[in-house]
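So this one's protein_38.txt, compact mmCIF, C-alpha atoms:
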# COMPACT_ATOMS: atom_id res chain seq x y z
CA MET J 270 60.68 100.92 111.08
CA LEU J 271 63.54 98.54 110.33
CA LEU J 272 61.74 95.84 112.29
CA PHE J 273 58.66 96.41 110.12
CA LEU J 274 60.70 95.94 106.94
CA LEU J 275 61.96 92.60 108.18
CA ALA J 276 58.59 91.50 109.53
CA ALA J 277 56.71 92.57 106.38
CA GLY J 278 58.74 90.25 104.18
CA LEU J 279 58.47 87.46 106.73
CA THR J 280 54.69 87.79 107.09
CA LEU J 281 54.25 87.80 103.30
CA ILE J 282 56.13 84.52 103.00
CA PHE J 283 54.59 82.98 106.12
CA GLY J 284 51.02 84.15 105.52
CA ILE J 285 50.82 83.68 101.76
CA MET J 286 53.07 80.68 101.16
CA ASP J 287 52.54 78.98 104.57
CA LEU J 288 56.31 78.66 104.87
CA VAL J 289 58.22 79.10 108.12
CA ASN J 290 61.39 80.75 106.85
CA LEU J 291 64.08 80.92 109.53
CA ALA J 292 66.57 81.91 106.82
CA HIS J 293 64.87 85.31 106.42
CA GLY J 294 67.48 86.79 108.76
CA SER J 295 70.22 85.50 106.44
CA LEU J 296 68.75 87.58 103.60
CA TYR J 297 68.85 90.57 105.95
CA MET J 298 72.53 89.83 106.54
CA LEU J 299 73.24 89.43 102.82
CA GLY J 300 71.59 92.78 102.08
CA ALA J 301 74.00 94.46 104.49
CA TYR J 302 77.05 92.68 103.05
CA PHE J 303 76.02 93.41 99.46
CA ALA J 304 75.49 97.10 100.29
CA ALA J 305 78.87 97.42 102.02
CA THR J 306 80.61 95.69 99.10
CA PHE J 307 78.90 97.56 96.27
CA ALA J 308 79.21 100.92 98.04
CA ALA J 309 82.95 100.35 98.36
CA LEU J 310 83.22 99.37 94.68
CA THR J 311 81.13 102.25 93.30
CA GLY J 312 82.02 104.90 95.87
CA SER J 313 78.32 105.73 96.21
CA PHE J 314 75.99 104.78 99.05
CA ILE J 315 72.88 105.06 96.85
CA ALA J 316 74.37 103.01 94.00
CA GLY J 317 75.53 100.41 96.49
CA ALA J 318 72.05 100.23 98.01
CA LEU J 319 70.34 99.78 94.63
CA LEU J 320 72.77 97.08 93.53
CA ALA J 321 72.37 95.36 96.91
CA LEU J 322 68.58 95.23 96.47
CA ILE J 323 68.96 93.69 93.00
CA ALA J 324 71.47 91.14 94.29
CA THR J 325 69.25 90.22 97.25
CA LEU J 326 66.26 89.82 94.92
CA LEU J 327 68.22 87.41 92.70
CA VAL J 328 69.51 85.43 95.70
CA GLY J 329 66.01 85.21 97.17
CA MET J 330 64.50 83.97 93.91
CA ALA J 331 67.31 81.43 93.50
CA VAL J 332 66.77 80.15 97.06
CA GLU J 333 63.05 79.74 96.37
CA VAL J 334 63.65 77.77 93.16
CA ILE J 335 66.46 75.60 94.51
CA ALA J 336 65.41 74.96 98.12
CA MET J 337 62.00 76.29 99.12
CA ARG J 338 59.95 74.53 96.44
CA ARG J 339 60.89 71.22 98.04
CA LEU J 340 59.29 72.34 101.30
CA TYR J 341 55.84 73.46 100.11
CA GLY J 342 53.03 71.31 101.44
CA ARG J 343 55.25 69.70 104.04
CA ASP J 344 55.07 69.92 107.81
CA HIS J 345 56.22 73.13 109.52
CA LEU J 346 58.91 71.13 111.32
CA ASP J 347 60.41 70.34 107.91
CA HIS J 348 60.36 74.07 107.14
CA VAL J 349 62.21 74.81 110.37
CA LEU J 350 64.84 72.15 109.79
CA GLY J 351 65.33 73.06 106.12
CA THR J 352 65.62 76.79 106.63
CA PHE J 353 67.83 76.34 109.70
CA GLY J 354 70.18 74.46 107.40
CA LEU J 355 70.10 77.49 105.09
CA ILE J 356 71.16 79.71 108.00
CA LEU J 357 74.24 77.55 108.51
CA PHE J 358 74.91 77.52 104.77
CA PHE J 359 74.71 81.30 104.37
CA ASN J 360 76.81 81.95 107.47
CA GLU J 361 79.59 79.76 106.11
CA LEU J 362 79.19 81.20 102.61
CA VAL J 363 79.64 84.73 103.97
CA ARG J 364 82.66 83.56 105.96
CA LEU J 365 84.22 82.13 102.79
CA ILE J 366 83.52 85.19 100.61
CA TRP J 367 83.96 88.12 103.01
CA GLY J 368 85.94 86.52 105.83
CA PRO J 369 85.16 86.29 109.55
CA ALA J 370 85.81 89.97 110.28
CA GLY J 371 82.91 92.39 110.07
CA MET J 372 82.48 95.21 107.56
CA THR J 373 81.35 98.81 107.81
CA LEU J 374 79.20 100.91 105.51
CA ALA J 375 80.07 104.61 105.57
CA LEU J 376 77.35 107.20 105.13
CA PRO J 377 77.64 110.15 102.73
CA SER J 378 78.82 113.28 104.49
CA GLU J 379 75.49 115.04 103.89
CA MET J 380 73.72 112.37 105.99
CA LEU J 381 76.04 112.83 108.97
CA THR J 382 74.13 115.88 110.18
CA ALA J 383 71.19 116.43 112.49
CA VAL J 384 68.00 118.35 111.79
CA GLN J 385 65.87 120.29 114.24
CA VAL J 386 62.52 118.51 114.64
CA LEU J 387 61.32 120.57 117.60
CA PRO J 388 62.67 123.73 119.24
CA GLY J 389 65.95 122.66 120.79
CA VAL J 390 65.48 119.02 119.73
CA TYR J 391 67.79 117.63 117.04
CA PHE J 392 67.48 114.26 115.32
CA PRO J 393 70.03 112.48 113.10
CA LEU J 394 69.22 113.01 109.44
CA TYR J 395 69.96 109.40 108.48
CA ARG J 396 67.43 108.08 110.98
CA LEU J 397 64.84 110.40 109.45
CA VAL J 398 65.77 108.97 106.05
CA ILE J 399 65.12 105.49 107.43
CA ILE J 400 61.70 106.52 108.76
CA VAL J 401 60.61 108.27 105.56
CA SER J 402 61.89 105.55 103.22
CA THR J 403 60.23 102.82 105.29
CA LEU J 404 56.91 104.67 105.28
CA ALA J 405 57.19 104.94 101.50
CA VAL J 406 57.91 101.21 101.24
CA ALA J 407 54.93 100.44 103.49
CA LEU J 408 52.64 102.52 101.27
CA LEU J 409 53.95 100.92 98.08
CA LEU J 410 53.60 97.47 99.59
CA TYR J 411 50.00 98.15 100.59
CA VAL J 412 49.16 99.42 97.10
CA LEU J 413 50.88 96.43 95.50
CA VAL J 414 49.08 93.82 97.59
CA MET J 415 45.66 95.45 97.86
CA ARG J 416 45.25 97.55 94.70
CA THR J 417 47.00 95.76 91.82
CA ARG J 418 46.35 92.67 89.72
CA ILE J 419 49.47 90.90 90.96
CA GLY J 420 48.36 91.65 94.52
CA MET J 421 44.99 90.08 93.74
CA LEU J 422 46.79 86.98 92.44
CA ILE J 423 48.98 86.86 95.54
CA ARG J 424 45.94 86.98 97.83
CA ALA J 425 44.10 84.43 95.71
CA GLY J 426 47.11 82.11 95.76
CA ALA J 427 47.19 82.37 99.53
CA SER J 428 43.51 81.33 99.72
CA ASN J 429 43.47 78.50 97.16
CA ARG J 430 46.69 77.67 95.36
CA GLU J 431 45.17 74.79 93.35
CA MET J 432 42.28 76.88 92.00
CA VAL J 433 44.58 79.73 90.94
CA GLY J 434 46.78 77.21 89.12
CA ALA J 435 43.70 75.69 87.44
CA LEU J 436 42.77 79.14 86.10
CA GLY J 437 46.02 79.25 84.13
CA ILE J 438 48.16 81.30 86.52
CA ASN J 439 51.77 80.19 86.86
CA ILE J 440 51.67 79.70 90.62
CA LYS J 441 55.34 78.66 90.78
CA LEU J 442 56.43 81.94 89.20
CA LEU J 443 54.05 83.84 91.48
CA TYR J 444 55.55 82.25 94.59
CA THR J 445 59.06 82.95 93.31
CA LEU J 446 58.16 86.64 92.93
CA VAL J 447 56.60 86.74 96.42
CA PHE J 448 59.68 85.16 97.96
CA GLY J 449 61.89 87.56 96.02
CA LEU J 450 59.84 90.50 97.30
CA GLY J 451 60.24 89.24 100.87
CA ALA J 452 63.99 88.93 100.29
CA VAL J 453 64.17 92.51 98.98
CA LEU J 454 62.40 93.81 102.09
CA ALA J 455 64.82 91.89 104.34
CA GLY J 456 67.80 93.11 102.33
CA PHE J 457 66.55 96.69 102.49
CA ALA J 458 66.29 96.46 106.27
CA GLY J 459 69.82 95.04 106.42
CA LEU J 460 71.40 97.70 104.24
CA MET J 461 69.65 100.52 106.11
CA GLN J 462 70.86 99.08 109.41
CA ALA J 463 74.42 98.54 108.15
CA PRO J 464 75.68 102.13 108.76
CA ILE J 465 74.38 101.99 112.34
CA LEU J 466 75.73 98.58 113.36
CA THR J 467 78.69 96.49 112.23
CA VAL J 468 77.96 94.19 109.30
CA GLN J 469 78.81 90.75 110.64
CA ILE J 470 78.02 87.06 110.34
CA GLY J 471 74.78 86.07 112.06
CA MET J 472 73.53 89.64 112.41
CA GLY J 473 70.04 88.67 111.29
CA GLU J 474 69.45 85.87 113.74
CA ASN J 475 68.70 87.92 116.86
CA ILE J 476 66.41 90.39 115.12
CA LEU J 477 64.56 87.50 113.45
CA ILE J 478 63.14 86.52 116.84
CA LEU J 479 61.61 89.98 117.20
CA ALA J 480 60.29 89.76 113.64
CA PHE J 481 58.40 86.56 114.53
CA VAL J 482 57.06 88.30 117.63
CA VAL J 483 55.82 91.15 115.42
CA ILE J 484 53.90 88.90 113.03
CA ILE J 485 52.36 87.00 115.95
CA ILE J 486 51.15 90.24 117.52
CA GLY J 487 50.03 91.82 114.25
CA GLY J 488 48.52 88.75 112.63
CA ILE J 489 50.11 86.32 110.20
CA GLY J 490 49.90 87.57 106.62
CA SER J 491 48.78 91.08 107.54
CA ILE J 492 50.94 93.99 106.36
CA ARG J 493 48.91 96.44 108.45
CA GLY J 494 49.33 94.17 111.47
CA ALA J 495 53.09 93.98 110.92
CA PHE J 496 53.30 97.78 110.80
CA VAL J 497 51.27 98.36 113.97
CA ALA J 498 52.98 95.54 115.87
CA ALA J 499 56.45 96.76 114.86
CA MET J 500 55.58 100.21 116.20
CA LEU J 501 54.35 98.68 119.48
CA VAL J 502 57.39 96.46 119.95
CA GLY J 503 59.81 99.26 119.04
CA LEU J 504 58.17 101.75 121.38
CA ILE J 505 57.93 99.31 124.29
CA ASP J 506 61.60 98.38 123.96
CA THR J 507 62.90 101.93 123.46
CA VAL J 508 60.73 103.63 126.09
CA GLY J 509 61.44 100.82 128.55
CA ARG J 510 65.19 101.10 128.09
CA ALA J 511 64.99 104.89 128.44
CA PHE J 512 62.82 105.17 131.55
CA LEU J 513 62.76 101.86 133.44
CA PRO J 514 66.35 102.15 134.80
CA ASP J 515 65.52 105.57 136.31
CA LEU J 516 62.28 104.19 137.75
CA MET J 517 64.01 101.16 139.26
CA ARG J 518 66.63 103.37 140.93
CA LEU J 519 63.88 104.39 143.35
CA PHE J 520 64.08 100.98 145.03
CA LEU J 521 67.27 99.37 143.63
CA SER J 522 70.93 100.33 143.56
CA ALA J 523 72.20 102.20 140.51
CA ASN J 524 74.10 99.19 139.16
CA ALA J 525 71.19 96.80 139.68
CA ALA J 526 68.73 99.24 138.08
CA SER J 527 70.92 99.77 135.01
CA THR J 528 71.04 95.99 134.49
CA ALA J 529 67.44 95.15 135.36
CA GLY J 530 65.86 97.99 133.37
CA PRO J 531 66.83 96.83 129.85
CA ALA J 532 66.14 93.20 130.80
CA PHE J 533 62.64 94.02 132.04
CA SER J 534 62.07 96.13 128.92
CA SER J 535 62.74 93.04 126.78
CA MET J 536 60.48 90.98 129.03
CA LEU J 537 57.61 93.40 128.41
CA ILE J 538 57.69 92.54 124.70
CA TYR J 539 57.21 88.83 125.38
CA MET J 540 54.60 89.54 128.05
CA LEU J 541 52.63 91.43 125.39
CA THR J 542 53.08 88.49 123.00
CA ALA J 543 51.78 86.07 125.62
CA ALA J 544 48.75 88.29 126.27
CA ILE J 545 47.98 88.45 122.55
CA LEU J 546 48.21 84.66 122.25
CA VAL J 547 45.81 84.23 125.17
CA PHE J 548 43.20 86.86 124.35
CA ARG J 549 43.51 87.28 120.57
CA PRO J 550 45.52 84.34 119.14
CA GLU J 551 44.82 85.37 115.53
CA GLY J 552 46.64 88.69 116.11
CA LEU J 553 45.51 92.30 116.21
CA PHE J 554 44.81 92.46 112.46
CA PRO J 555 44.34 88.92 111.10
CA ALA J 556 44.79 88.64 107.35
CA ALA J 557 41.24 87.40 106.81
CA THR J 558 39.88 90.78 107.95
CA ARG J 559 42.15 92.98 105.79
Any chance you could put this one into structure tokens?
Amino acid sequence: MLLFLLAAGLTLIFGIMDLVNLAHGSLYMLGAYFAATFAALTGSFIAGALLALIATLLVGMAVEVIAMRRLYGRDHLDHVLGTFGLILFFNELVRLIWGPAGMTLALPSEMLTAVQVLPGVYFPLYRLVIIVSTLAVALLLYVLVMRTRIGMLIRAGASNREMVGALGINIKLLYTLVFGLGAVLAGFAGLMQAPILTVQIGMGENILILAFVVIIIGGIGSIRGAFVAAMLVGLIDTVGRAFLPDLMRLFLSANAASTAGPAFSSMLIYMLTAAILVFRPEGLFPAATR
């Protein structure tokens, strides 16, 4: 679910604005830092999360106005170089503001419990909150893009930016809002992940690779594709890490199996990506067929 949040914002920006944004993981990192900071200041996890989303939205819109507008219409290599520079910038900015040490985001006591989902099976309440909130965001995002006027303008701008501008639509403002929405989704993923992992510099860079894998599998620009692909990637990785070590112990030593199992689980994700690129290079749900 967290991978979907990150990939959804990335596929919006990539599919609609034709912009390869490597700095998307930096917005994920900023969302986590903002949430940890505001939660400490307000003493409330929810208030900290809301303020973090607002702050990430403002940062995302500022980045689009200041930096991204210079990259539209240019080669994808320019996008990669420009946004890689933004990664370095944000990493050093975080180091200057928050310091090199990581931060933690404490959960409210009522979320530190487990609920019974099946007889004898308990699941952490906070992880259920993540699942439910992400499903709600996915539904709202689908309604926004497919059932509202602004969603119609977003899809039209993706098809023919010049024609939308000729019809009197402020395409620059539209793109700023789309980039801000992508930043909010990345920040939301970061702040929801913050209580589980340490908030630290560069935390968004590793997961960004998986986010690109998700949009390749699902189809660039497709929210539905991002959702399905995130579920596939998450299940393959989790199930592989859970069962492959036990399976490999049948013909490997215990130490070798415990090392090879997680590694092979990660390999399965990229094997699936390679198969998709060979047999269905447009992805499972290409945006043109939404």
Counting only C-alpha atoms, select every polymer residue within 12 Å of (80.5, 98.0, 96.7) as defined in the file's coordinates, and provide the selection as a PDB file with C-alpha atoms, in the coordinates of the input.
ATOM      1  CA  GLY J 300      71.590  92.780 102.080  1.00  0.00           C
ATOM      2  CA  ALA J 301      74.000  94.460 104.490  1.00  0.00           C
ATOM      3  CA  TYR J 302      77.050  92.680 103.050  1.00  0.00           C
ATOM      4  CA  PHE J 303      76.020  93.410  99.460  1.00  0.00           C
ATOM      5  CA  ALA J 304      75.490  97.100 100.290  1.00  0.00           C
ATOM      6  CA  ALA J 305      78.870  97.420 102.020  1.00  0.00           C
ATOM      7  CA  THR J 306      80.610  95.690  99.100  1.00  0.00           C
ATOM      8  CA  PHE J 307      78.900  97.560  96.270  1.00  0.00           C
ATOM      9  CA  ALA J 308      79.210 100.920  98.040  1.00  0.00           C
ATOM     10  CA  ALA J 309      82.950 100.350  98.360  1.00  0.00           C
ATOM     11  CA  LEU J 310      83.220  99.370  94.680  1.00  0.00           C
ATOM     12  CA  THR J 311      81.130 102.250  93.300  1.00  0.00           C
ATOM     13  CA  GLY J 312      82.020 104.900  95.870  1.00  0.00           C
ATOM     14  CA  SER J 313      78.320 105.730  96.210  1.00  0.00           C
ATOM     15  CA  PHE J 314      75.990 104.780  99.050  1.00  0.00           C
ATOM     16  CA  ILE J 315      72.880 105.060  96.850  1.00  0.00           C
ATOM     17  CA  ALA J 316      74.370 103.010  94.000  1.00  0.00           C
ATOM     18  CA  GLY J 317      75.530 100.410  96.490  1.00  0.00           C
ATOM     19  CA  ALA J 318      72.050 100.230  98.010  1.00  0.00           C
ATOM     20  CA  LEU J 319      70.340  99.780  94.630  1.00  0.00           C
ATOM     21  CA  LEU J 320      72.770  97.080  93.530  1.00  0.00           C
ATOM     22  CA  ALA J 321      72.370  95.360  96.910  1.00  0.00           C
ATOM     23  CA  ALA J 324      71.470  91.140  94.290  1.00  0.00           C
ATOM     24  CA  MET J 372      82.480  95.210 107.560  1.00  0.00           C
ATOM     25  CA  THR J 373      81.350  98.810 107.810  1.00  0.00           C
ATOM     26  CA  LEU J 374      79.200 100.910 105.510  1.00  0.00           C
ATOM     27  CA  ALA J 375      80.070 104.610 105.570  1.00  0.00           C
ATOM     28  CA  LEU J 460      71.400  97.700 104.240  1.00  0.00           C
TER      29      LEU J 460
END
Draw an axis-aligned box tight on the listed atoms of region 468-486 of chain J, then pad every side by 3 Å and write out centre and edge lengths in Å to one decimal as lines of an AutoDock Vina configuration file.
center_x = 65.0
center_y = 90.0
center_z = 113.5
size_x = 33.7
size_y = 14.3
size_z = 14.3
Select from region 328-421 of chain J every residue with an atom at most 10 Å from any atom of region 493-516 of chain J, then for each give the shortest pair of atoms and their distance in Å to one decimal, using all atoms listed in the file, rows by chain and rising number, as JSON lines.
{"residue": "J:Leu404", "atom": "CA", "partner": "J:Phe496", "partner_atom": "CA", "distance": 9.5}
{"residue": "J:Ala407", "atom": "CA", "partner": "J:Phe496", "partner_atom": "CA", "distance": 7.9}
{"residue": "J:Tyr411", "atom": "CA", "partner": "J:Arg493", "partner_atom": "CA", "distance": 8.1}
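For the atom pair formed by CA of Ala452 (chain J) and CA of Val412 (chain J), the distance is 18.4 Å, given to one decimal.
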Among the residues J:Ala556, J:Ala276, J:Met298, J:Val414, the one that comes closest to Ser491 (chain J) [using all atoms listed in the file]
J:Ala556
With all atoms listed in the file as the counted atoms, please give the residues lying no more than 12 Å from Ile400 (chain J), apart from itself and same-chain residues fewer than 2 positions off, as a ChimeraX atom specification.
/J:270-274,392-398,402-407,458,461-462,500
Residues around (74.0, 89.1, 110.9), cut-off 8 Å, counting only C-alpha atoms - what are they as a list in words?
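These residues have at least one counted atom within 8 Å: Gly294, Ser295, Tyr297, Met298, Val468, Gln469, Ile470, Gly471, Met472, Gly473 and Glu474 of chain J.
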Hey, can you check how far CA of Ile440 (chain J) sits from CA of Arg424 (chain J)?
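According to the coordinates, CA of Ile440 (chain J) and CA of Arg424 (chain J) are separated by 11.7 Å.
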For CA of Pro555 (chain J) and CA of Ile285 (chain J), determine how far apart the two atoms are, in Å to one decimal place.
12.5 Å
Restricting the calculation to all atoms listed in the file: of J:Phe481, J:His345, J:Phe533, J:Ala292, which residue gets closest to Asn360 (chain J)?
J:Ala292
I'd like the contact shell of Gly426 (chain J) - 10 Å cut-off, all atoms listed in the file, skipping same-chain residues fewer than 4 positions apart - returned as a VMD selection string.
chain J and resid 285 to 286 420 to 422 430 to 434 438 440 443 to 444
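Across J:Ala331, J:Glu361, J:Ala523, J:Val482, the tightest approach to Ala544 (chain J) is made by J:Val482 when counting only C-alpha atoms.
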Can I get region 521-550 of chain J with N, CA and C atoms filled in, as a PDB file, keeping the file's coordinate frame?
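Output (part13.pdb):
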ATOM      1  N   LEU J 521      66.105 100.227 143.841  1.00  0.00           N
ATOM      2  CA  LEU J 521      67.270  99.370 143.630  1.00  0.00           C
ATOM      3  C   LEU J 521      68.524 100.231 143.566  1.00  0.00           C
ATOM      4  N   SER J 522      69.675  99.603 143.709  1.00  0.00           N
ATOM      5  CA  SER J 522      70.930 100.330 143.560  1.00  0.00           C
ATOM      6  C   SER J 522      71.108 100.745 142.108  1.00  0.00           C
ATOM      7  N   ALA J 523      71.998 101.693 141.864  1.00  0.00           N
ATOM      8  CA  ALA J 523      72.200 102.200 140.510  1.00  0.00           C
ATOM      9  C   ALA J 523      72.664 101.102 139.559  1.00  0.00           C
ATOM     10  N   ASN J 524      73.595 100.256 140.019  1.00  0.00           N
ATOM     11  CA  ASN J 524      74.100  99.190 139.160  1.00  0.00           C
ATOM     12  C   ASN J 524      73.016  98.157 138.855  1.00  0.00           C
ATOM     13  N   ALA J 525      72.260  97.788 139.879  1.00  0.00           N
ATOM     14  CA  ALA J 525      71.190  96.800 139.680  1.00  0.00           C
ATOM     15  C   ALA J 525      70.107  97.350 138.753  1.00  0.00           C
ATOM     16  N   ALA J 526      69.774  98.636 138.918  1.00  0.00           N
ATOM     17  CA  ALA J 526      68.730  99.240 138.080  1.00  0.00           C
ATOM     18  C   ALA J 526      69.173  99.323 136.625  1.00  0.00           C
ATOM     19  N   SER J 527      70.439  99.668 136.385  1.00  0.00           N
ATOM     20  CA  SER J 527      70.920  99.770 135.010  1.00  0.00           C
ATOM     21  C   SER J 527      70.947  98.424 134.311  1.00  0.00           C
ATOM     22  N   THR J 528      71.062  97.341 135.075  1.00  0.00           N
ATOM     23  CA  THR J 528      71.040  95.990 134.490  1.00  0.00           C
ATOM     24  C   THR J 528      69.616  95.471 134.350  1.00  0.00           C
ATOM     25  N   ALA J 529      68.795  95.699 135.370  1.00  0.00           N
ATOM     26  CA  ALA J 529      67.440  95.150 135.360  1.00  0.00           C
ATOM     27  C   ALA J 529      66.514  95.904 134.419  1.00  0.00           C
ATOM     28  N   GLY J 530      66.749  97.202 134.217  1.00  0.00           N
ATOM     29  CA  GLY J 530      65.860  97.990 133.370  1.00  0.00           C
ATOM     30  C   GLY J 530      65.776  97.477 131.946  1.00  0.00           C
ATOM     31  N   PRO J 531      66.898  97.360 131.217  1.00  0.00           N
ATOM     32  CA  PRO J 531      66.830  96.830 129.850  1.00  0.00           C
ATOM     33  C   PRO J 531      66.298  95.403 129.792  1.00  0.00           C
ATOM     34  N   ALA J 532      66.626  94.584 130.797  1.00  0.00           N
ATOM     35  CA  ALA J 532      66.140  93.200 130.800  1.00  0.00           C
ATOM     36  C   ALA J 532      64.621  93.172 130.944  1.00  0.00           C
ATOM     37  N   PHE J 533      64.089  93.986 131.855  1.00  0.00           N
ATOM     38  CA  PHE J 533      62.640  94.020 132.040  1.00  0.00           C
ATOM     39  C   PHE J 533      61.953  94.622 130.818  1.00  0.00           C
ATOM     40  N   SER J 534      62.614  95.556 130.142  1.00  0.00           N
ATOM     41  CA  SER J 534      62.070  96.130 128.920  1.00  0.00           C
ATOM     42  C   SER J 534      61.879  95.042 127.853  1.00  0.00           C
ATOM     43  N   SER J 535      62.868  94.158 127.714  1.00  0.00           N
ATOM     44  CA  SER J 535      62.740  93.040 126.780  1.00  0.00           C
ATOM     45  C   SER J 535      61.645  92.078 127.223  1.00  0.00           C
ATOM     46  N   MET J 536      61.524  91.875 128.522  1.00  0.00           N
ATOM     47  CA  MET J 536      60.480  90.980 129.030  1.00  0.00           C
ATOM     48  C   MET J 536      59.091  91.501 128.699  1.00  0.00           C
ATOM     49  N   LEU J 537      58.922  92.837 128.712  1.00  0.00           N
ATOM     50  CA  LEU J 537      57.610  93.400 128.410  1.00  0.00           C
ATOM     51  C   LEU J 537      57.125  93.019 127.014  1.00  0.00           C
ATOM     52  N   ILE J 538      58.059  92.916 126.059  1.00  0.00           N
ATOM     53  CA  ILE J 538      57.690  92.540 124.700  1.00  0.00           C
ATOM     54  C   ILE J 538      57.078  91.143 124.687  1.00  0.00           C
ATOM     55  N   TYR J 539      57.699  90.206 125.386  1.00  0.00           N
ATOM     56  CA  TYR J 539      57.210  88.830 125.380  1.00  0.00           C
ATOM     57  C   TYR J 539      55.980  88.673 126.263  1.00  0.00           C
ATOM     58  N   MET J 540      55.840  89.532 127.263  1.00  0.00           N
ATOM     59  CA  MET J 540      54.600  89.540 128.050  1.00  0.00           C
ATOM     60  C   MET J 540      53.427  89.989 127.183  1.00  0.00           C
ATOM     61  N   LEU J 541      53.661  91.003 126.326  1.00  0.00           N
ATOM     62  CA  LEU J 541      52.630  91.430 125.390  1.00  0.00           C
ATOM     63  C   LEU J 541      52.287  90.315 124.413  1.00  0.00           C
ATOM     64  N   THR J 542      53.307  89.613 123.922  1.00  0.00           N
ATOM     65  CA  THR J 542      53.080  88.490 123.000  1.00  0.00           C
ATOM     66  C   THR J 542      52.231  87.416 123.658  1.00  0.00           C
ATOM     67  N   ALA J 543      52.546  87.081 124.899  1.00  0.00           N
ATOM     68  CA  ALA J 543      51.780  86.070 125.620  1.00  0.00           C
ATOM     69  C   ALA J 543      50.327  86.499 125.795  1.00  0.00           C
ATOM     70  N   ALA J 544      50.115  87.784 126.106  1.00  0.00           N
ATOM     71  CA  ALA J 544      48.750  88.290 126.270  1.00  0.00           C
ATOM     72  C   ALA J 544      47.967  88.208 124.959  1.00  0.00           C
ATOM     73  N   ILE J 545      48.642  88.541 123.850  1.00  0.00           N
ATOM     74  CA  ILE J 545      47.980  88.450 122.550  1.00  0.00           C
ATOM     75  C   ILE J 545      47.601  87.004 122.243  1.00  0.00           C
ATOM     76  N   LEU J 546      48.494  86.066 122.522  1.00  0.00           N
ATOM     77  CA  LEU J 546      48.210  84.660 122.250  1.00  0.00           C
ATOM     78  C   LEU J 546      47.056  84.137 123.088  1.00  0.00           C
ATOM     79  N   VAL J 547      46.893  84.682 124.292  1.00  0.00           N
ATOM     80  CA  VAL J 547      45.810  84.230 125.170  1.00  0.00           C
ATOM     81  C   VAL J 547      44.476  84.851 124.756  1.00  0.00           C
ATOM     82  N   PHE J 548      44.458  86.162 124.550  1.00  0.00           N
ATOM     83  CA  PHE J 548      43.200  86.860 124.350  1.00  0.00           C
ATOM     84  C   PHE J 548      42.827  87.080 122.877  1.00  0.00           C
ATOM     85  N   ARG J 549      43.799  87.089 121.991  1.00  0.00           N
ATOM     86  CA  ARG J 549      43.510  87.280 120.570  1.00  0.00           C
ATOM     87  C   ARG J 549      44.557  86.499 119.756  1.00  0.00           C
ATOM     88  N   PRO J 550      44.465  85.182 119.756  1.00  0.00           N
ATOM     89  CA  PRO J 550      45.520  84.340 119.140  1.00  0.00           C
ATOM     90  C   PRO J 550      45.686  84.558 117.651  1.00  0.00           C
TER      91      PRO J 550
END
